[in-house]
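Student: As input, take query07.txt (compact mmCIF, C-alpha atoms and all ligand atoms):
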# COMPACT_ATOMS: atom_id res chain seq x y z
CA MET A 183 0.00 0.00 0.00
CA ARG A 184 1.41 3.39 -1.05
CA LEU A 185 -0.71 6.03 0.54
CA ILE A 186 -0.71 9.75 1.31
CA LEU A 187 -2.88 11.47 3.92
CA VAL A 188 -4.27 14.93 3.19
CA GLY A 189 -6.30 17.18 5.43
CA PRO A 190 -6.19 20.39 7.40
CA PRO A 191 -3.96 20.80 10.44
CA GLY A 192 -5.55 18.96 13.36
CA ALA A 193 -7.75 16.72 11.19
CA GLY A 194 -6.24 13.64 12.87
CA LYS A 195 -3.74 12.62 10.17
CA GLY A 196 -1.04 11.70 12.69
CA THR A 197 -3.49 9.90 14.99
CA GLN A 198 -4.87 7.78 12.15
CA ALA A 199 -1.49 7.34 10.45
CA VAL A 200 -0.07 5.37 13.38
CA GLN A 201 -2.95 2.86 13.23
CA LEU A 202 -3.09 2.66 9.44
CA ALA A 203 0.67 2.07 9.20
CA ALA A 204 0.42 -0.74 11.78
CA HIS A 205 -2.61 -2.24 9.98
CA TYR A 206 -0.88 -2.34 6.58
CA GLY A 207 2.62 -3.07 7.96
CA ILE A 208 4.16 -0.01 6.29
CA PRO A 209 6.27 2.86 7.65
CA HIS A 210 4.58 6.09 8.77
CA ILE A 211 6.54 8.97 7.26
CA SER A 212 5.51 12.34 8.69
CA THR A 213 7.42 15.32 7.31
CA GLY A 214 6.26 17.38 10.32
CA ASP A 215 7.70 14.75 12.71
CA ILE A 216 11.00 14.65 10.77
CA PHE A 217 11.28 18.45 10.98
CA ARG A 218 10.42 18.46 14.72
CA HIS A 219 12.99 15.69 15.37
CA ASN A 220 15.64 17.84 13.66
CA MET A 221 14.46 20.94 15.54
CA LYS A 222 14.82 19.09 18.85
CA ASN A 223 18.36 18.00 17.93
CA GLU A 224 19.22 21.49 16.63
CA THR A 225 20.58 20.18 13.33
CA GLU A 226 21.08 22.57 10.39
CA LEU A 227 17.85 21.22 8.86
CA GLY A 228 16.10 21.73 12.21
CA LYS A 229 17.27 25.34 12.53
CA LEU A 230 16.06 26.10 9.02
CA ALA A 231 12.72 24.30 9.49
CA LYS A 232 12.06 26.03 12.82
CA SER A 233 11.95 29.47 11.23
CA TYR A 234 9.08 28.30 9.00
CA ALA A 235 7.27 25.76 11.20
CA ASP A 236 7.00 28.00 14.29
CA ALA A 237 5.17 30.57 12.16
CA GLY A 238 2.98 27.94 10.47
CA ASN A 239 4.53 28.43 7.03
CA LEU A 240 5.73 25.72 4.66
CA VAL A 241 9.41 24.82 4.61
CA PRO A 242 10.71 25.52 1.05
CA ASP A 243 10.08 22.76 -1.51
CA SER A 244 13.78 22.48 -2.37
CA VAL A 245 14.46 21.26 1.18
CA THR A 246 11.30 19.19 1.75
CA ASN A 247 11.28 17.41 -1.61
CA GLU A 248 14.89 16.30 -1.25
CA MET A 249 14.27 15.07 2.31
CA VAL A 250 11.30 12.93 1.16
CA ARG A 251 13.11 11.62 -1.92
CA ASP A 252 15.94 10.46 0.32
CA ARG A 253 13.53 8.85 2.82
CA LEU A 254 11.90 6.90 0.00
CA THR A 255 15.23 5.23 -0.79
CA HIS A 256 15.26 3.40 2.59
CA ASP A 257 14.72 -0.37 2.62
CA ASP A 258 11.58 -0.24 4.74
CA VAL A 259 9.48 1.30 1.93
CA LYS A 260 9.75 -1.73 -0.33
CA ASN A 261 6.26 -2.94 0.67
CA GLY A 262 4.78 0.54 0.66
CA PHE A 263 4.57 3.63 2.85
CA LEU A 264 2.20 6.10 4.36
CA LEU A 265 3.12 9.76 3.83
CA ASP A 266 1.58 12.13 6.40
CA GLY A 267 1.88 15.85 5.65
CA PHE A 268 3.50 15.48 2.22
CA PRO A 269 2.76 16.60 -0.43
CA ARG A 270 1.40 19.94 0.67
CA ASN A 271 1.25 21.90 -2.58
CA VAL A 272 0.90 21.04 -6.26
CA ALA A 273 4.64 21.34 -6.93
CA GLN A 274 5.34 18.72 -4.21
CA ALA A 275 2.57 16.47 -5.60
CA GLU A 276 4.11 16.66 -9.09
CA TYR A 277 7.56 15.99 -7.66
CA LEU A 278 6.32 12.91 -5.76
CA ARG A 279 4.58 11.61 -8.90
CA GLU A 280 7.91 11.84 -10.78
CA VAL A 281 9.96 10.19 -8.03
CA LEU A 282 7.48 7.29 -7.83
CA ALA A 283 7.19 7.00 -11.63
CA ASP A 284 10.99 6.58 -11.84
CA LYS A 285 10.75 3.65 -9.44
CA GLN A 286 7.60 2.32 -11.15
CA THR A 287 5.80 2.40 -7.81
CA PRO A 288 2.86 4.81 -8.25
CA LEU A 289 0.57 5.85 -5.39
CA ASP A 290 -2.46 3.68 -4.62
CA ALA A 291 -4.55 6.38 -2.97
CA ALA A 292 -4.72 9.87 -1.48
CA LEU A 293 -6.89 9.71 1.63
CA GLU A 294 -8.46 13.06 2.56
CA PHE A 295 -9.81 13.79 6.06
CA SER A 296 -12.47 16.48 6.02
CA LEU A 297 -13.34 18.45 9.15
CA GLU A 298 -15.04 21.75 10.10
CA GLU A 299 -12.89 24.66 11.27
CA ALA A 300 -14.43 24.87 14.78
CA GLU A 301 -13.50 21.23 15.48
CA ILE A 302 -9.99 21.77 14.06
CA ILE A 303 -9.38 24.65 16.46
CA ALA A 304 -10.72 22.65 19.43
CA ARG A 305 -8.45 19.73 18.56
CA LEU A 306 -5.29 21.78 18.02
CA SER A 307 -5.65 24.04 21.03
CA GLY A 308 -5.91 21.03 23.40
CA ARG A 309 -3.32 18.84 21.73
CA ARG A 310 -0.30 17.54 23.63
CA THR A 311 2.53 15.83 21.72
CA CYS A 312 5.15 13.36 22.96
CA ARG A 313 8.70 14.70 22.72
CA SER A 314 10.09 11.19 22.27
CA CYS A 315 7.71 9.29 19.97
CA SER A 316 5.55 12.15 18.52
CA ALA A 317 2.25 10.52 19.62
CA SER A 318 -0.68 12.97 19.84
CA PHE A 319 -2.94 13.29 22.88
CA HIS A 320 -5.67 15.78 23.79
CA ILE A 321 -6.42 17.29 27.19
CA LEU A 322 -10.15 16.53 26.73
CA PHE A 323 -10.62 14.09 23.82
CA GLU A 324 -7.60 11.71 24.09
CA LYS A 325 -6.37 12.06 27.66
CA PRO A 326 -3.17 10.27 28.64
CA ALA A 327 -3.49 7.96 31.67
CA VAL A 328 -1.10 10.23 33.61
CA ASP A 329 -1.12 14.00 32.96
CA GLY A 330 1.90 15.12 30.92
CA VAL A 331 3.20 11.57 30.31
CA CYS A 332 2.96 9.60 27.04
CA ASP A 333 0.99 6.32 27.40
CA LYS A 334 3.10 4.67 24.71
CA CYS A 335 6.71 5.44 25.70
CA GLN A 336 6.47 7.41 29.00
CA GLY A 337 7.99 10.43 27.22
CA GLU A 338 7.20 14.01 28.19
CA LEU A 339 4.10 15.61 26.61
CA TYR A 340 4.40 19.23 25.46
CA GLN A 341 2.37 21.80 23.53
CA ARG A 342 3.72 22.43 20.01
CA THR A 343 4.81 26.06 19.42
CA ASP A 344 2.63 26.12 16.30
CA ASP A 345 -0.49 25.15 18.30
CA SER A 346 -1.00 28.74 19.54
CA GLU A 347 -4.12 30.61 18.37
CA GLU A 348 -2.24 33.00 16.05
CA VAL A 349 -0.20 30.29 14.38
CA ILE A 350 -3.24 27.99 14.00
CA LYS A 351 -4.94 30.79 12.02
CA ASN A 352 -1.95 31.08 9.70
CA ARG A 353 -1.71 27.28 9.25
CA LEU A 354 -5.38 27.19 8.21
CA ALA A 355 -4.78 30.03 5.72
CA VAL A 356 -1.69 28.27 4.32
CA TYR A 357 -3.71 25.06 4.01
CA ALA A 358 -6.52 26.83 2.12
CA GLU A 359 -4.17 28.66 -0.25
CA GLN A 360 -1.43 26.12 -0.89
CA THR A 361 -2.60 22.63 0.07
CA LEU A 362 -6.28 22.53 -0.98
CA PRO A 363 -5.37 22.60 -4.71
CA ILE A 364 -3.82 19.13 -4.33
CA ILE A 365 -7.31 17.75 -3.66
CA ASP A 366 -8.25 18.52 -7.28
CA PHE A 367 -4.87 17.21 -8.42
CA TYR A 368 -5.52 13.81 -6.84
CA ARG A 369 -9.17 13.79 -7.92
CA SER A 370 -8.05 14.23 -11.52
CA GLU A 371 -5.51 11.41 -11.05
CA GLY A 372 -8.38 9.17 -9.89
CA LEU A 373 -6.68 8.61 -6.51
CA LEU A 374 -8.77 10.73 -4.13
CA ILE A 375 -10.78 9.11 -1.30
CA THR A 376 -12.50 11.54 1.09
CA ILE A 377 -13.79 10.50 4.49
CA PRO A 378 -15.43 12.60 7.24
CA ALA A 379 -12.97 13.03 10.13
CA LEU A 380 -15.54 13.82 12.85
CA GLY A 381 -16.31 11.15 15.46
CA GLU A 382 -14.42 8.57 17.49
CA VAL A 383 -10.84 7.73 16.47
CA SER A 384 -11.79 4.04 16.05
CA ASP A 385 -14.80 4.88 13.84
CA ILE A 386 -12.65 7.07 11.58
CA PHE A 387 -10.10 4.26 11.30
CA ASP A 388 -12.89 1.83 10.29
CA ARG A 389 -14.11 4.34 7.68
CA ALA A 390 -10.58 4.65 6.30
CA ILE A 391 -9.88 0.94 5.91
CA THR A 392 -13.36 0.28 4.50
CA ALA A 393 -12.91 3.02 1.90
CA LEU A 394 -9.38 1.87 1.07
CA SER A 395 -10.32 -1.79 0.69
CA ALA A 396 -13.18 -0.80 -1.63
CA THR A 397 -10.90 1.09 -4.01
CA VAL A 398 -7.36 -0.33 -3.66
CA SER A 399 -6.76 -3.93 -4.66
P1 LIG B 401 2.60 18.86 10.48
O1 LIG B 401 3.24 18.28 11.66
O2 LIG B 401 2.31 18.00 9.30
O3 LIG B 401 1.29 19.64 10.94
P2 LIG B 401 -0.19 19.78 10.35
O4 LIG B 401 -0.50 19.39 8.96
O5 LIG B 401 -0.53 21.16 10.70
O6 LIG B 401 -0.96 18.68 11.04
P3 LIG B 401 -1.00 18.37 12.54
O7 LIG B 401 0.11 17.46 12.92
O8 LIG B 401 -1.11 19.66 13.32
O9 LIG B 401 -2.43 17.64 12.68
P4 LIG B 401 -2.84 16.13 12.45
O10 LIG B 401 -3.80 16.10 11.30
O11 LIG B 401 -1.66 15.22 12.39
O12 LIG B 401 -3.69 15.89 13.77
P5 LIG B 401 -3.41 14.95 15.05
O13 LIG B 401 -3.59 13.52 14.70
O14 LIG B 401 -2.18 15.35 15.77
O15 LIG B 401 3.51 20.08 9.93
C1 LIG B 401 4.06 21.04 10.83
C2 LIG B 401 4.92 22.01 10.06
O16 LIG B 401 6.03 21.33 9.43
C3 LIG B 401 4.23 22.76 8.91
O17 LIG B 401 3.51 23.90 9.36
C4 LIG B 401 5.45 23.14 8.02
O18 LIG B 401 6.14 24.23 8.57
C5 LIG B 401 6.32 21.90 8.15
N1 LIG B 401 6.00 20.92 7.10
C6 LIG B 401 5.52 19.66 7.28
N2 LIG B 401 5.32 19.05 6.10
C7 LIG B 401 5.69 19.94 5.15
C8 LIG B 401 5.69 19.91 3.73
N3 LIG B 401 5.25 18.84 3.05
N4 LIG B 401 6.13 21.01 3.07
C9 LIG B 401 6.57 22.09 3.72
N5 LIG B 401 6.57 22.21 5.06
C10 LIG B 401 6.13 21.13 5.78
O19 LIG B 401 -4.71 15.35 15.94
C11 LIG B 401 -4.87 16.68 16.42
C12 LIG B 401 -5.48 16.63 17.85
O20 LIG B 401 -6.81 16.09 17.77
C13 LIG B 401 -4.73 15.73 18.83
O21 LIG B 401 -4.79 16.34 20.09
C14 LIG B 401 -5.52 14.42 18.82
O22 LIG B 401 -5.42 13.73 20.04
C15 LIG B 401 -6.94 14.93 18.58
N6 LIG B 401 -7.77 13.99 17.81
C16 LIG B 401 -7.39 13.22 16.77
N7 LIG B 401 -8.45 12.52 16.29
C17 LIG B 401 -9.52 12.89 17.06
C18 LIG B 401 -10.90 12.52 17.07
N8 LIG B 401 -11.39 11.65 16.18
N9 LIG B 401 -11.73 13.12 17.97
C19 LIG B 401 -11.23 14.02 18.87
N10 LIG B 401 -9.92 14.40 18.92
C20 LIG B 401 -9.09 13.84 18.03
MG MG B 402 0.41 15.47 12.49
In structure tokens, write the structure found in this file.
Tutor:
Amino acid sequence: MRLILVGPPGAGKGTQAVQLAAHYGIPHISTGDIFRHNMKNETELGKLAKSYADAGNLVPDSVTNEMVRDRLTHDDVKNGFLLDGFPRNVAQAEYLREVLADKQTPLDAALEFSLEEAEIIARLSGRRTCRSCSASFHILFEKPAVDGVCDKCQGELYQRTDDSEEVIKNRLAVYAEQTLPIIDFYRSEGLLITIPALGEVSDIFDRAITALSATVS
């Protein structure tokens, strides 16, 4: 299964990606997580990414495309992959199509999560993220067993810098201007599957695998 997830910030891409990747036995590749890992370790890539990510803007394509191309050369993608947060504009979508065409491994589907803005804001403003394994929790909707501690790896939970009200507004604007056009791109490629992202995490997962099994052989 070669799959990309599309949807506004806070739609639940990361939450669903972990379960979908486990279900299909494929790696979960989140460009946001790769950037945050580099930011935490203060690498050159991390310092560059921070100046864009903290403000809710996209990291330049020249950097992001190369990073993804390199990741797709690793051995673990031979049975497929799940890309979460890439592509995020039409130029990235065209780039990915070329990289995969060269390897003769085209995408199977682009899974879109659709969600109203009020719910997005509620999800992002209460999100807590694990510093160690990047798992997402929510102070009301997905509470960890112990406040501030990751259920999965016991890592420390923190609030992402870009989950402040001002930056959320900019991320939504960037999504509308730059990312939404890829929905039409994937529709015209015959790859788009859209599912509603409101409801319980387990129900959304069931919707996703039902929709995928109906369209991907
Ligand atoms: P990235 O990390 O990809 O951020 P994003 O797209 O804004 O998405 P989020 O991670 O915020 O949301 P999500 O959909 O994963 O939601 P989650 O599952 O956590 O990118 C960050 C930055 O990196 C970008 O701004 C950019 O600077 C840079 N970047 C990344 N990719 C790039 C690219 N391709 N090009 C250029 N720059 C790039 O869930 C959200 C919350 O809701 C959580 O608290 C969760 O517990 C809760 N929740 C989840 N599901 C449910 C549910 N069903 N009901 C109730 N609550 C729920
Ligand atoms: Mg995410």
Student: Counting all atoms listed in the file, what is within 9 Å of Thr246 of chain A, bar same-chain residues fewer than 3 positions away, as a VMD selection string?
Tutor: chain A and resid 213 241 to 243 249 to 251 268 274
Student: Show me which residues are within 8 Å of ligand MG 402 (chain B) counting all atoms listed in the file, and format the list as a count of residues only.
Tutor: 12
Student: Please, what is the axis-aligned box for every listed atom of ligand LIG 401 (chain B) with 6 Å on each side, as centre and edge lengths in Å to one decimal, as AutoDock Vina command-line options?
Tutor:
--center_x -2.6 --center_y 17.9 --center_z 11.6 --size_x 30.3 --size_y 24.6 --size_z 29.0
Student: Using only C-alpha atoms and a cutoff of 8 Å, can you tell me which residues are near (4.2, 28.8, 14.9) in the file's coordinates, and write them out as a list in words?
Tutor: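 These residues have at least one counted atom within 8 Å: Tyr234, Ala235, Asp236, Ala237, Gly238, Asn239, Thr343, Asp344, Asp345, Ser346, Glu348, Val349 and Ile350 of chain A.
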Student: Can you tell me which residues surround segment 382-387 of chain A at a distance of at most 9 Å, considering all atoms listed in the file, apart from same-chain residues fewer than 4 positions away, and format the answer as an MDAnalysis selection string?
Tutor: chainID A and resid 194 197:198 201:202 377:378 391:392
Student: Tell me which of A:Phe263, A:Phe295, A:Tyr206, A:Phe319 sits closest to ligand LIG 401 (chain B), counting all atoms listed in the file.
Tutor: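 The answer is A:Phe319, which sits nearest to ligand LIG 401 (chain B).
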Student: Of the candidates A:Leu380, A:Ala355, A:Leu230, A:Met221, which one gets nearest to ligand LIG 401 (chain B) if we count only C-alpha atoms and all ligand atoms?
Tutor: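 Ranked by minimum distance to ligand LIG 401 (chain B), first place goes to A:Leu380.
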Student: Would you compute the distance between atom CA of Pro363 of chain A and atom CA of Arg270 of chain A? Give it in Å to one decimal.
Tutor: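 Atom-to-atom, atom CA of Pro363 of chain A and atom CA of Arg270 of chain A are spaced 9.0 Å apart.
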Student: Considering only C-alpha atoms, state which residue in the set A:His256, A:Arg353, A:Arg313, A:Lys325 is at the smallest distance from Arg218 of chain A.
Tutor: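 With only C-alpha atoms as the atom set, the closest residue is A:Arg313.
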